[in-house]
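Coordinates as given in data_10.csv (CSV, C-alpha atoms):
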chain,number,residue,atom,x,y,z
Q,1,MET,CA,4.0,-32.8,23.9
Q,2,SER,CA,2.4,-31.4,20.7
Q,3,PRO,CA,-1.2,-32.4,19.7
Q,4,ALA,CA,-1.7,-35.4,17.4
Q,5,PRO,CA,-1.6,-34.5,13.7
Q,6,ASN,CA,-5.3,-35.2,13.0
Q,7,LYS,CA,-6.3,-32.9,15.8
Q,8,MET,CA,-4.0,-30.2,14.6
Q,9,ILE,CA,-5.6,-30.5,11.1
Q,10,GLU,CA,-9.1,-30.4,12.6
Q,11,GLU,CA,-8.1,-27.3,14.6
Q,12,VAL,CA,-6.7,-25.6,11.5
Q,13,ASN,CA,-9.8,-26.5,9.4
Q,14,VAL,CA,-12.1,-25.1,12.1
Q,15,SER,CA,-10.0,-22.0,12.4
Q,16,ASN,CA,-10.1,-21.4,8.6
Q,17,ALA,CA,-13.9,-21.6,8.7
Q,18,GLU,CA,-14.0,-19.3,11.6
Q,19,ILE,CA,-11.6,-16.9,9.9
Q,20,GLU,CA,-13.7,-16.8,6.8
Q,21,ALA,CA,-16.9,-16.2,8.8
Q,22,LEU,CA,-15.3,-13.4,10.8
Q,23,SER,CA,-14.0,-11.9,7.6
Q,24,GLU,CA,-17.5,-11.9,6.1
Q,25,ARG,CA,-18.8,-10.2,9.2
Q,26,LEU,CA,-16.1,-7.6,8.9
Q,27,ALA,CA,-17.2,-6.9,5.4
Q,28,GLU,CA,-20.8,-6.4,6.7
Q,29,CYS,CA,-19.5,-4.2,9.4
Q,30,PHE,CA,-17.6,-2.1,6.8
Q,31,GLY,CA,-20.9,-1.6,5.0
Q,32,ASP,CA,-22.7,-0.7,8.2
Q,33,CYS,CA,-20.0,1.9,9.1
Q,34,ALA,CA,-20.1,3.3,5.5
Q,35,ALA,CA,-23.9,3.7,5.6
Q,36,ALA,CA,-24.1,5.3,9.1
Q,37,PRO,CA,-23.9,9.1,9.3
Q,38,ASP,CA,-22.5,8.6,12.8
Q,39,ASP,CA,-20.6,5.4,12.8
Q,40,ARG,CA,-19.6,5.2,16.4
Q,41,ALA,CA,-22.0,2.4,17.3
Q,42,ALA,CA,-21.3,0.5,14.1
Q,43,GLY,CA,-17.6,1.2,14.5
Q,44,ALA,CA,-17.5,-0.3,18.0
Q,45,THR,CA,-19.2,-3.5,16.7
Q,46,ALA,CA,-16.8,-3.6,13.8
Q,47,ASP,CA,-13.8,-3.3,16.0
Q,48,GLN,CA,-15.1,-6.0,18.3
Q,49,VAL,CA,-15.2,-8.4,15.4
Q,50,LEU,CA,-11.7,-7.3,14.4
Q,51,ALA,CA,-10.5,-8.0,17.9
Q,52,GLU,CA,-12.2,-11.4,17.8
Q,53,LEU,CA,-10.5,-12.2,14.5
Q,54,GLU,CA,-7.2,-11.0,15.8
Q,55,GLN,CA,-7.5,-13.4,18.8
Q,56,LEU,CA,-8.3,-16.3,16.6
Q,57,LEU,CA,-5.5,-15.6,14.2
Q,58,ARG,CA,-2.9,-15.3,16.9
Q,59,ARG,CA,-4.2,-18.5,18.5
Q,60,SER,CA,-4.0,-20.3,15.2
Q,61,TYR,CA,-0.5,-19.0,14.7
Q,62,ASP,CA,0.6,-20.1,18.1
Q,63,ALA,CA,-0.9,-23.5,17.5
Q,64,GLY,CA,1.0,-23.8,14.3
Q,65,ALA,CA,4.2,-22.6,15.9
Q,66,SER,CA,4.0,-25.2,18.7
Q,67,SER,CA,3.9,-28.1,16.2
L,68,MET,CA,2.1,42.9,-4.7
L,69,ASN,CA,2.4,39.7,-2.6
L,70,GLY,CA,5.8,38.1,-3.4
L,71,SER,CA,5.3,35.2,-1.0
L,72,PRO,CA,4.8,31.8,-2.4
L,73,SER,CA,1.3,30.4,-2.3
L,74,GLU,CA,0.6,27.4,-0.1
L,75,SER,CA,0.3,25.3,-3.3
L,76,GLU,CA,3.8,26.3,-4.3
L,77,ILE,CA,5.1,25.5,-0.8
L,78,VAL,CA,3.6,22.1,-1.0
L,79,LEU,CA,5.0,21.5,-4.5
L,80,ALA,CA,8.4,22.5,-3.3
L,81,ALA,CA,8.1,20.0,-0.4
L,82,LEU,CA,7.1,17.2,-2.8
L,83,GLN,CA,10.1,17.9,-4.9
L,84,ASP,CA,12.6,18.4,-2.0
L,85,TYR,CA,11.6,15.7,0.4
L,86,THR,CA,11.6,12.5,-1.7
L,87,GLU,CA,13.3,10.1,0.6
L,88,SER,CA,10.0,8.2,1.2
L,89,ASP,CA,9.9,7.5,-2.5
L,90,ASN,CA,6.1,7.8,-2.8
L,91,PRO,CA,5.1,7.4,-6.4
L,92,SER,CA,1.8,9.1,-5.8
L,93,ALA,CA,3.1,12.1,-4.0
L,94,PHE,CA,1.9,14.6,-6.7
L,95,LEU,CA,-1.7,13.8,-5.7
L,96,ALA,CA,-0.9,15.9,-2.6
L,97,LEU,CA,-1.6,18.9,-4.7
L,98,ASN,CA,-5.2,17.9,-5.3
L,99,SER,CA,-7.7,20.6,-4.6
L,100,GLY,CA,-9.8,19.8,-1.6
L,101,ASN,CA,-6.7,18.8,0.4
L,102,ARG,CA,-5.7,20.6,3.5
L,103,TYR,CA,-2.1,21.2,4.7
L,104,PHE,CA,-0.6,21.1,8.1
L,105,HIS,CA,2.5,23.0,8.9
L,106,ALA,CA,4.3,23.2,12.3
L,107,GLU,CA,6.3,26.2,13.4
L,108,GLY,CA,10.0,25.5,13.2
L,109,ILE,CA,9.6,22.2,11.4
L,110,PRO,CA,10.1,22.5,7.6
L,111,GLY,CA,7.7,20.4,5.6
L,112,VAL,CA,4.0,19.6,5.3
L,113,ILE,CA,1.4,17.0,6.1
L,114,VAL,CA,-1.4,16.6,3.6
L,115,TYR,CA,-4.9,15.5,4.9
L,116,ARG,CA,-8.6,15.7,4.6
L,117,GLU,CA,-11.2,15.6,7.3
L,118,ALA,CA,-13.7,12.7,7.3
L,119,GLY,CA,-16.0,12.6,10.3
L,120,ARG,CA,-14.0,12.2,13.4
L,121,TYR,CA,-10.8,11.4,11.5
L,122,LEU,CA,-8.0,13.4,9.9
L,123,VAL,CA,-7.1,11.2,6.9
L,124,GLN,CA,-3.5,11.8,6.1
L,125,PHE,CA,-2.3,11.2,2.6
L,126,ALA,CA,1.2,9.8,2.4
L,127,GLY,CA,3.8,10.3,5.1
L,128,PRO,CA,5.1,13.7,6.2
L,129,PHE,CA,6.8,15.6,3.4
L,130,ALA,CA,9.8,16.6,5.4
L,131,ALA,CA,13.5,15.8,5.8
L,132,PRO,CA,14.1,12.4,7.5
L,133,GLY,CA,15.1,14.0,10.8
L,134,ASP,CA,12.0,16.2,10.9
L,135,ARG,CA,9.3,13.6,9.8
L,136,GLY,CA,8.7,12.2,13.3
L,137,LYS,CA,8.5,15.7,14.8
L,138,LEU,CA,6.1,16.9,12.2
L,139,LEU,CA,3.9,13.8,12.6
L,140,ASN,CA,3.9,14.3,16.4
L,141,ALA,CA,2.8,17.9,15.9
L,142,PHE,CA,0.0,16.7,13.6
L,143,VAL,CA,-1.2,14.2,16.1
L,144,ALA,CA,-1.3,16.9,18.7
L,145,PHE,CA,-3.2,19.1,16.3
L,146,ALA,CA,-5.7,16.2,15.8
L,147,VAL,CA,-6.1,15.6,19.6
L,148,GLU,CA,-6.8,19.3,20.2
L,149,ARG,CA,-9.7,19.0,17.7
L,150,ASP,CA,-10.9,15.7,19.1
L,151,ARG,CA,-9.9,13.9,16.0
L,152,GLU,CA,-8.0,10.8,15.3
L,153,VAL,CA,-5.4,10.3,12.6
L,154,VAL,CA,-5.4,7.6,10.0
L,155,ALA,CA,-2.7,7.7,7.3
L,156,VAL,CA,-3.0,6.1,3.9
L,157,GLN,CA,-0.4,5.4,1.3
L,158,ILE,CA,2.5,5.7,3.7
L,159,GLN,CA,5.6,4.0,2.4
L,160,ALA,CA,8.0,1.5,4.0
L,161,ALA,CA,10.4,4.4,4.7
L,162,ASP,CA,7.7,6.2,6.7
L,163,ALA,CA,6.9,3.2,8.9
L,164,PRO,CA,9.5,3.7,11.6
L,165,ASP,CA,8.2,7.2,12.4
L,166,TYR,CA,4.6,5.9,12.7
L,167,LEU,CA,5.7,3.0,14.9
L,168,ALA,CA,7.7,5.3,17.1
L,169,GLY,CA,4.5,7.5,17.4
L,170,GLY,CA,2.5,4.5,18.6
L,171,PHE,CA,0.7,3.9,15.4
L,172,THR,CA,-0.2,0.4,14.1
L,173,VAL,CA,1.1,0.1,10.5
L,174,ASN,CA,-0.5,-2.4,8.2
L,175,GLN,CA,-0.1,-3.1,4.5
L,176,MET,CA,-3.1,-2.0,2.5
L,177,GLY,CA,-1.9,-2.8,-1.0
L,178,ALA,CA,1.0,-2.1,-3.4
L,179,SER,CA,2.2,0.2,-6.1
L,180,PHE,CA,3.6,-0.9,-9.4
L,181,ALA,CA,6.2,0.5,-11.8
L,182,VAL,CA,7.9,-0.4,-15.0
L,183,ASP,CA,11.6,0.2,-15.6
L,184,LEU,CA,11.4,1.8,-19.1
L,185,THR,CA,15.2,1.3,-19.6
L,186,ARG,CA,14.5,-2.4,-19.8
L,187,PHE,CA,11.1,-2.3,-21.3
L,188,SER,CA,10.0,-3.6,-24.7
L,189,LEU,CA,6.7,-4.9,-26.1
L,190,ARG,CA,8.6,-7.5,-28.2
L,191,GLY,CA,8.2,-11.2,-27.5
L,192,THR,CA,5.5,-13.7,-26.9
L,193,ALA,CA,4.7,-12.4,-23.4
L,194,PHE,CA,3.3,-9.2,-25.0
L,195,MET,CA,1.8,-10.7,-28.1
L,196,GLN,CA,-1.8,-10.5,-26.8
L,197,LEU,CA,-1.2,-6.8,-25.8
L,198,ARG,CA,0.3,-5.9,-29.2
L,199,ASN,CA,-2.6,-7.5,-31.0
L,200,LYS,CA,-5.1,-5.7,-28.9
L,201,ILE,CA,-3.4,-2.4,-29.6
L,202,SER,CA,-3.2,-3.1,-33.3
L,203,ARG,CA,-6.9,-3.9,-33.5
L,204,ALA,CA,-7.7,-0.7,-31.7
L,205,HIS,CA,-5.7,1.3,-34.3
L,206,ARG,CA,-7.5,-0.5,-37.1
L,207,THR,CA,-10.7,1.1,-36.0
L,208,GLY,CA,-9.2,4.5,-37.0
L,209,LEU,CA,-8.0,5.3,-33.5
L,210,VAL,CA,-5.2,7.8,-33.4
L,211,VAL,CA,-3.2,8.6,-30.2
L,212,ARG,CA,-1.3,11.7,-29.6
L,213,GLU,CA,0.0,13.8,-26.7
L,214,ALA,CA,-2.0,17.0,-26.5
L,215,PRO,CA,-2.4,20.1,-24.4
L,216,LEU,CA,-5.4,20.0,-22.2
L,217,GLU,CA,-6.7,23.4,-23.3
L,218,ASP,CA,-7.3,22.0,-26.9
L,219,TRP,CA,-9.3,19.1,-25.6
L,220,TYR,CA,-10.8,20.4,-22.3
L,221,GLU,CA,-14.5,20.4,-23.3
L,222,ARG,CA,-14.2,17.0,-24.9
L,223,VAL,CA,-12.5,15.6,-21.8
L,224,GLN,CA,-15.2,17.0,-19.6
L,225,ALA,CA,-17.9,15.5,-21.9
L,226,LEU,CA,-16.1,12.1,-21.8
L,227,ASP,CA,-15.9,12.3,-18.0
L,228,ALA,CA,-19.7,12.7,-17.8
L,229,ALA,CA,-20.3,9.8,-20.2
L,230,TRP,CA,-17.8,7.6,-18.3
L,231,LEU,CA,-19.3,8.4,-14.9
L,232,GLY,CA,-22.7,7.5,-16.3
L,233,THR,CA,-21.5,4.0,-16.7
L,234,LYS,CA,-20.7,3.6,-13.1
L,235,GLY,CA,-24.3,3.4,-12.0
L,236,GLU,CA,-26.9,5.7,-10.6
L,237,GLY,CA,-25.6,8.1,-8.0
L,238,ALA,CA,-22.0,7.3,-8.8
L,239,LYS,CA,-19.6,9.9,-7.6
L,240,PRO,CA,-16.2,10.6,-9.0
L,241,LEU,CA,-13.4,9.5,-6.7
L,242,GLU,CA,-11.1,12.1,-5.1
L,243,PHE,CA,-8.1,12.3,-2.9
L,244,LEU,CA,-6.2,9.2,-4.1
L,245,VAL,CA,-6.8,9.9,-7.8
L,246,GLY,CA,-5.5,12.6,-10.0
L,247,GLN,CA,-7.1,15.8,-11.2
L,248,TYR,CA,-6.6,18.0,-14.2
L,249,GLY,CA,-7.1,21.7,-15.2
L,250,ASP,CA,-5.8,23.2,-12.0
L,251,ARG,CA,-2.8,25.5,-11.5
L,252,HIS,CA,-0.4,22.5,-11.8
L,253,GLN,CA,-1.7,21.3,-15.1
L,254,SER,CA,1.5,22.5,-16.8
L,255,LEU,CA,3.4,19.8,-14.8
L,256,ARG,CA,1.2,17.0,-16.1
L,257,ARG,CA,0.9,15.4,-19.5
L,258,LEU,CA,-2.1,14.3,-21.4
L,259,PHE,CA,-2.4,11.6,-24.1
L,260,VAL,CA,-5.6,11.3,-26.0
L,261,ALA,CA,-7.1,8.7,-28.4
L,262,ALA,CA,-9.5,9.9,-31.0
L,263,ILE,CA,-11.4,8.6,-34.0
L,264,GLY,CA,-11.7,11.6,-36.2
L,265,ASP,CA,-12.5,14.5,-33.8
L,266,ARG,CA,-14.3,12.3,-31.3
L,267,LEU,CA,-12.3,11.7,-28.1
L,268,MET,CA,-12.5,8.0,-27.2
L,269,GLY,CA,-10.2,8.0,-24.2
L,270,TYR,CA,-7.4,9.7,-22.4
L,271,ILE,CA,-4.7,9.1,-19.8
L,272,THR,CA,-3.1,11.8,-17.7
L,273,TYR,CA,0.5,11.4,-16.4
L,274,SER,CA,1.7,13.2,-13.3
L,275,PRO,CA,5.4,13.7,-12.4
L,276,VAL,CA,7.1,11.4,-9.9
L,277,TYR,CA,10.1,12.9,-8.1
L,278,GLY,CA,13.0,11.2,-6.3
L,279,ALA,CA,14.9,8.0,-6.7
L,280,HIS,CA,12.4,6.5,-9.1
L,281,GLN,CA,11.8,9.7,-11.0
L,282,GLY,CA,9.4,9.4,-14.0
L,283,TRP,CA,5.7,9.6,-14.7
L,284,LEU,CA,2.6,8.3,-12.9
L,285,HIS,CA,-0.1,6.7,-15.1
L,286,ASP,CA,-2.9,8.7,-13.4
L,287,LEU,CA,-6.4,9.5,-14.6
L,288,THR,CA,-7.8,6.9,-17.1
L,289,ARG,CA,-11.1,7.5,-18.7
L,290,ARG,CA,-12.8,6.2,-21.9
L,291,GLN,CA,-16.1,6.4,-23.8
L,292,PRO,CA,-18.4,3.5,-23.0
L,293,ASP,CA,-18.2,2.5,-26.7
L,294,ALA,CA,-14.4,3.0,-27.1
L,295,PRO,CA,-12.8,0.2,-29.1
L,296,PRO,CA,-11.2,-2.5,-27.0
L,297,GLY,CA,-7.5,-1.7,-26.6
L,298,THR,CA,-8.0,2.1,-26.5
L,299,MET,CA,-6.4,2.6,-23.1
L,300,GLU,CA,-3.6,0.2,-24.0
L,301,ALA,CA,-3.0,2.1,-27.2
L,302,ILE,CA,-2.7,5.3,-25.3
L,303,ASN,CA,-0.3,4.0,-22.8
L,304,ARG,CA,1.8,2.4,-25.5
L,305,ALA,CA,2.1,5.8,-27.2
L,306,ALA,CA,3.0,7.4,-23.9
L,307,ILE,CA,5.6,4.7,-23.2
L,308,ASP,CA,7.2,5.2,-26.6
L,309,THR,CA,7.4,8.9,-26.0
L,310,PHE,CA,8.9,8.5,-22.5
L,311,ILE,CA,11.5,6.0,-23.7
L,312,ALA,CA,12.5,8.4,-26.5
L,313,GLU,CA,12.9,11.1,-23.8
L,314,GLY,CA,15.1,8.8,-21.6
L,315,VAL,CA,12.5,8.6,-18.8
L,316,HIS,CA,13.4,5.8,-16.4
L,317,TRP,CA,10.2,4.9,-14.7
L,318,LEU,CA,6.5,4.6,-15.5
L,319,HIS,CA,4.5,4.2,-12.4
L,320,PHE,CA,1.0,2.6,-12.3
L,321,GLY,CA,0.3,3.7,-8.7
L,322,PHE,CA,-1.6,2.2,-5.9
L,323,THR,CA,-4.0,-0.7,-6.0
L,324,PRO,CA,-5.5,-1.7,-2.7
L,325,PHE,CA,-5.7,-5.3,-1.4
L,326,THR,CA,-2.8,-6.5,-3.6
L,327,GLU,CA,0.5,-8.2,-3.1
L,328,LEU,CA,-0.3,-9.0,0.5
L,329,GLU,CA,2.0,-12.1,0.9
L,330,ARG,CA,5.5,-11.0,0.1
L,331,LEU,CA,6.1,-7.4,1.0
L,332,PRO,CA,7.4,-6.2,4.4
L,333,ARG,CA,5.3,-6.0,7.5
L,334,PHE,CA,6.1,-3.7,10.3
L,335,GLY,CA,6.0,-3.9,14.1
L,336,ASP,CA,3.1,-5.6,15.8
L,337,TYR,CA,0.8,-5.2,12.8
L,338,SER,CA,-2.8,-6.3,13.0
L,339,ARG,CA,-3.2,-9.8,11.7
L,340,ALA,CA,-7.0,-9.3,11.5
L,341,PHE,CA,-6.7,-6.3,9.4
L,342,HIS,CA,-4.2,-8.0,7.1
L,343,GLN,CA,-6.7,-11.0,6.8
L,344,PHE,CA,-9.5,-8.5,6.0
L,345,MET,CA,-7.3,-7.0,3.2
L,346,ARG,CA,-6.9,-10.6,1.8
L,347,TYR,CA,-10.7,-11.1,2.0
L,348,LEU,CA,-11.3,-7.8,0.1
L,349,TRP,CA,-8.9,-8.9,-2.6
L,350,GLN,CA,-11.0,-12.1,-3.0
L,351,HIS,CA,-14.5,-10.7,-2.4
L,352,GLY,CA,-14.3,-7.0,-2.3
L,353,GLU,CA,-15.1,-6.1,-5.9
L,354,ALA,CA,-18.0,-3.9,-4.7
L,355,VAL,CA,-15.7,-2.0,-2.3
L,356,TYR,CA,-13.0,-1.5,-4.9
L,357,PRO,CA,-12.4,-3.5,-8.2
L,358,ALA,CA,-8.8,-4.3,-7.3
L,359,GLN,CA,-8.5,-7.4,-9.4
L,360,THR,CA,-9.7,-5.7,-12.5
L,361,GLN,CA,-7.4,-2.8,-11.9
L,362,LEU,CA,-4.4,-5.0,-11.2
L,363,ALA,CA,-5.1,-7.0,-14.4
L,364,TYR,CA,-4.5,-3.9,-16.5
L,365,LYS,CA,-1.3,-3.0,-14.7
L,366,GLN,CA,0.1,-6.5,-15.0
L,367,LYS,CA,-0.3,-6.3,-18.8
L,368,TRP,CA,2.8,-4.1,-18.7
L,369,ALA,CA,4.8,-6.6,-16.5
L,370,PRO,CA,5.8,-4.1,-13.8
L,371,SER,CA,9.1,-5.1,-12.1
L,372,HIS,CA,9.1,-2.7,-9.2
L,373,ILE,CA,6.5,-3.4,-6.6
L,374,THR,CA,6.4,-1.6,-3.3
L,375,GLY,CA,4.1,-1.8,-0.3
L,376,GLU,CA,1.5,0.8,0.5
L,377,TYR,CA,0.6,1.0,4.1
L,378,ILE,CA,-2.0,2.4,6.4
L,379,GLY,CA,-1.2,3.9,9.8
L,380,PHE,CA,-3.8,3.7,12.6
L,381,GLN,CA,-3.2,6.1,15.5
L,382,HIS,CA,-5.2,3.9,18.0
L,383,GLY,CA,-4.8,0.4,16.5
L,384,ALA,CA,-6.4,-1.1,13.4
L,385,SER,CA,-9.9,0.0,13.0
L,386,ILE,CA,-12.7,-0.5,10.5
L,387,PRO,CA,-14.2,2.9,10.9
L,388,ALA,CA,-10.8,4.4,10.3
L,389,LEU,CA,-10.6,2.4,7.0
L,390,VAL,CA,-14.1,3.7,6.1
L,391,ALA,CA,-12.9,7.2,6.8
L,392,ILE,CA,-10.3,6.8,4.0
L,393,PHE,CA,-13.1,5.7,1.6
L,394,ARG,CA,-15.2,8.7,2.7
L,395,ALA,CA,-12.2,11.1,2.1
L,396,CYS,CA,-12.1,9.5,-1.4
L,397,ASN,CA,-15.8,10.2,-2.0
L,398,ALA,CA,-16.1,6.4,-2.4
L,399,VAL,CA,-18.8,5.9,0.2
Would you kindly transcribe this structure into structure tokens?
Amino acid sequence: MSPAPNKMIEEVNVSNAEIEALSERLAECFGDCAAAPDDRAAGATADQVLAELEQLLRRSYDAGASS
Amino acid sequence: MNGSPSESEIVLAALQDYTESDNPSAFLALNSGNRYFHAEGIPGVIVYREAGRYLVQFAGPFAAPGDRGKLLNAFVAFAVERDREVVAVQIQAADAPDYLAGGFTVNQMGASFAVDLTRFSLRGTAFMQLRNKISRAHRTGLVVREAPLEDWYERVQALDAAWLGTKGEGAKPLEFLVGQYGDRHQSLRRLFVAAIGDRLMGYITYSPVYGAHQGWLHDLTRRQPDAPPGTMEAINRAAIDTFIAEGVHWLHFGFTPFTELERLPRFGDYSRAFHQFMRYLWQHGEAVYPAQTQLAYKQKWAPSHITGEYIGFQHGASIPALVAIFRACNAV
């Protein structure tokens, strides 16, 4: 049974806000990596944020696909 | 006397012979500062720069279709031996299968744009604004002509210094993914200049494009800070008129990052997060790269041929790998 429509919209809206927030964090991470002579630490943080965003996007896609 | 071809000549031959990937920016492979990887027994070349712990590859392998995957694998092995990781920029759709087969993640990074000159005209209301802008530029006394670099070299250099000065303190000229001039391959390029009297107001260089969409690449574009509005448009108009008269088919405007992200092919299990980040940089990334401004100029000419430009990550999508590309370009 698929979620009620209002809940789906709420989930999508929450997701869009999270997507935007994570995208902003990625932009900050890009700047941190660019500023660091050795970007291994900054790069690890950046790639964690990327992974978090990936998870969110795939979850959002799956939620949309199951409607 | 050494009769062997120079490495530069070998690379040029590879660009001209191996055009199946149809990369409109391939000529940039000849930029000074690039390094070249060859593998014994595999004809062809890979072009790259080193940036920190990355080998940043420009374009896909310049090799016959059956050899591209082998050459790429050899390059990856070369990188591993040196404790380096490969990130490839401006790979084309035709390159994607070899990268996917090699375990790379392939994501779209932007697009390239081209105009079919056999169908091009500035007539009609769609181009009225552009025609008017060009006319106003000419009314200032601006004259555009094709010229040999040697006659304008010092003025071009002086203009470059003035132009760079407008980019802010500490601004560095971009490299790697932008054209050059004055090197041994200058005879293959074309230069169009706009001047008021003897004063150079702007110039555009055009580099050759080989293969199925043979033509010219609208390459380096520079102007005086006080050049009349429409200067660059006037130069490109003159170049287009010349190319059409010569029967040239395609004028390429090259790569703009973060563009056309919604309708071009995506490959394999691409990174959704990286794709979203490209979207974000299109909307908010002016400080990283002024993609919207650059695209606005290209769209004035109504390009009809739009192709994806892709990035290949050896170990999955990665922000530091993206930063390495910008480092290779001298952009950070």
Residues of chain L within 9 Å of chain Q, counting all atoms listed in the file, as a list of chain:residue names: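 Matching residues, ligands excluded from the count: L:Gly119, L:Ser338, L:Arg339, L:Ala340, L:Phe341, L:Gln343, L:Phe344, L:Tyr347, L:Leu348, L:Gly352, L:Val355, L:Ala384, L:Ser385, L:Ile386, L:Pro387, L:Ala388, L:Leu389, L:Val390, L:Ala391, L:Phe393, L:Arg394, L:Val399.
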Would you work out the distance separating atom CA of L:Asp250 from atom CA of L:Asn98, expressed in Å to one decimal?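 Interatomic distance here is 8.6 Å.
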Please report the interatomic distance between atom CA of L:Thr360 and atom CA of L:Val211 in Å with one decimal. 23.7 Å
For L:Ala261, the nearest of the candidates L:His285, L:Gly237, L:Arg304, L:Pro324, counting only C-alpha atoms: L:Arg304
Could you tell me how far atom CA of L:Gln281 lies from atom CA of L:Ser179, in Å and to one decimal?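 Separation of atom CA of L:Gln281 and atom CA of L:Ser179: 14.4 Å.
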Working from the structure I just supplied, which lacks atoms in stretch 34-40 of chain Q, can you model all heavy atoms there and output them as a JSON list (two decimals), in the frame of the given file?
[["chain", "number", "residue", "atom", "x", "y", "z"],
["Q", 34, "ALA", "N", -20.06, 2.43, 6.69],
["Q", 34, "ALA", "CA", -20.10, 3.30, 5.50],
["Q", 34, "ALA", "C", -21.51, 3.96, 5.42],
["Q", 34, "ALA", "O", -21.64, 5.11, 5.00],
["Q", 34, "ALA", "CB", -19.75, 2.60, 4.26],
["Q", 35, "ALA", "N", -22.55, 3.19, 5.81],
["Q", 35, "ALA", "CA", -23.90, 3.70, 5.60],
["Q", 35, "ALA", "C", -24.38, 4.58, 6.76],
["Q", 35, "ALA", "O", -25.38, 5.29, 6.62],
["Q", 35, "ALA", "CB", -24.86, 2.47, 5.53],
["Q", 36, "ALA", "N", -23.65, 4.56, 7.87],
["Q", 36, "ALA", "CA", -24.10, 5.30, 9.10],
["Q", 36, "ALA", "C", -23.55, 6.71, 9.06],
["Q", 36, "ALA", "O", -22.33, 6.89, 8.98],
["Q", 36, "ALA", "CB", -23.67, 4.56, 10.31],
["Q", 37, "PRO", "N", -24.39, 7.73, 9.18],
["Q", 37, "PRO", "CA", -23.90, 9.10, 9.30],
["Q", 37, "PRO", "C", -22.95, 9.27, 10.49],
["Q", 37, "PRO", "O", -21.93, 9.93, 10.41],
["Q", 37, "PRO", "CB", -25.14, 9.95, 9.44],
["Q", 37, "PRO", "CG", -26.25, 9.11, 8.95],
["Q", 37, "PRO", "CD", -25.86, 7.68, 9.20],
["Q", 38, "ASP", "N", -23.34, 8.65, 11.60],
["Q", 38, "ASP", "CA", -22.50, 8.60, 12.80],
["Q", 38, "ASP", "C", -22.14, 7.17, 13.03],
["Q", 38, "ASP", "O", -23.02, 6.41, 13.43],
["Q", 38, "ASP", "CB", -23.15, 9.25, 13.99],
["Q", 38, "ASP", "CG", -22.25, 9.26, 15.22],
["Q", 38, "ASP", "OD1", -21.26, 8.49, 15.26],
["Q", 38, "ASP", "OD2", -22.52, 10.03, 16.15],
["Q", 39, "ASP", "N", -20.91, 6.78, 12.77],
["Q", 39, "ASP", "CA", -20.60, 5.40, 12.80],
["Q", 39, "ASP", "C", -20.00, 4.88, 14.09],
["Q", 39, "ASP", "O", -19.37, 3.82, 14.14],
["Q", 39, "ASP", "CB", -19.63, 5.03, 11.62],
["Q", 39, "ASP", "CG", -18.25, 5.69, 11.80],
["Q", 39, "ASP", "OD1", -18.08, 6.46, 12.76],
["Q", 39, "ASP", "OD2", -17.36, 5.42, 10.97],
["Q", 40, "ARG", "N", -20.22, 5.61, 15.17],
["Q", 40, "ARG", "CA", -19.60, 5.20, 16.40],
["Q", 40, "ARG", "C", -20.09, 3.83, 16.89],
["Q", 40, "ARG", "O", -19.32, 2.96, 17.27],
["Q", 40, "ARG", "CB", -19.84, 6.23, 17.52],
["Q", 40, "ARG", "CG", -18.93, 7.44, 17.39],
["Q", 40, "ARG", "CD", -19.31, 8.53, 18.38],
["Q", 40, "ARG", "NE", -19.07, 9.84, 17.79],
["Q", 40, "ARG", "CZ", -17.94, 10.53, 17.93],
["Q", 40, "ARG", "NH1", -16.95, 10.07, 18.67],
["Q", 40, "ARG", "NH2", -17.80, 11.70, 17.36]]
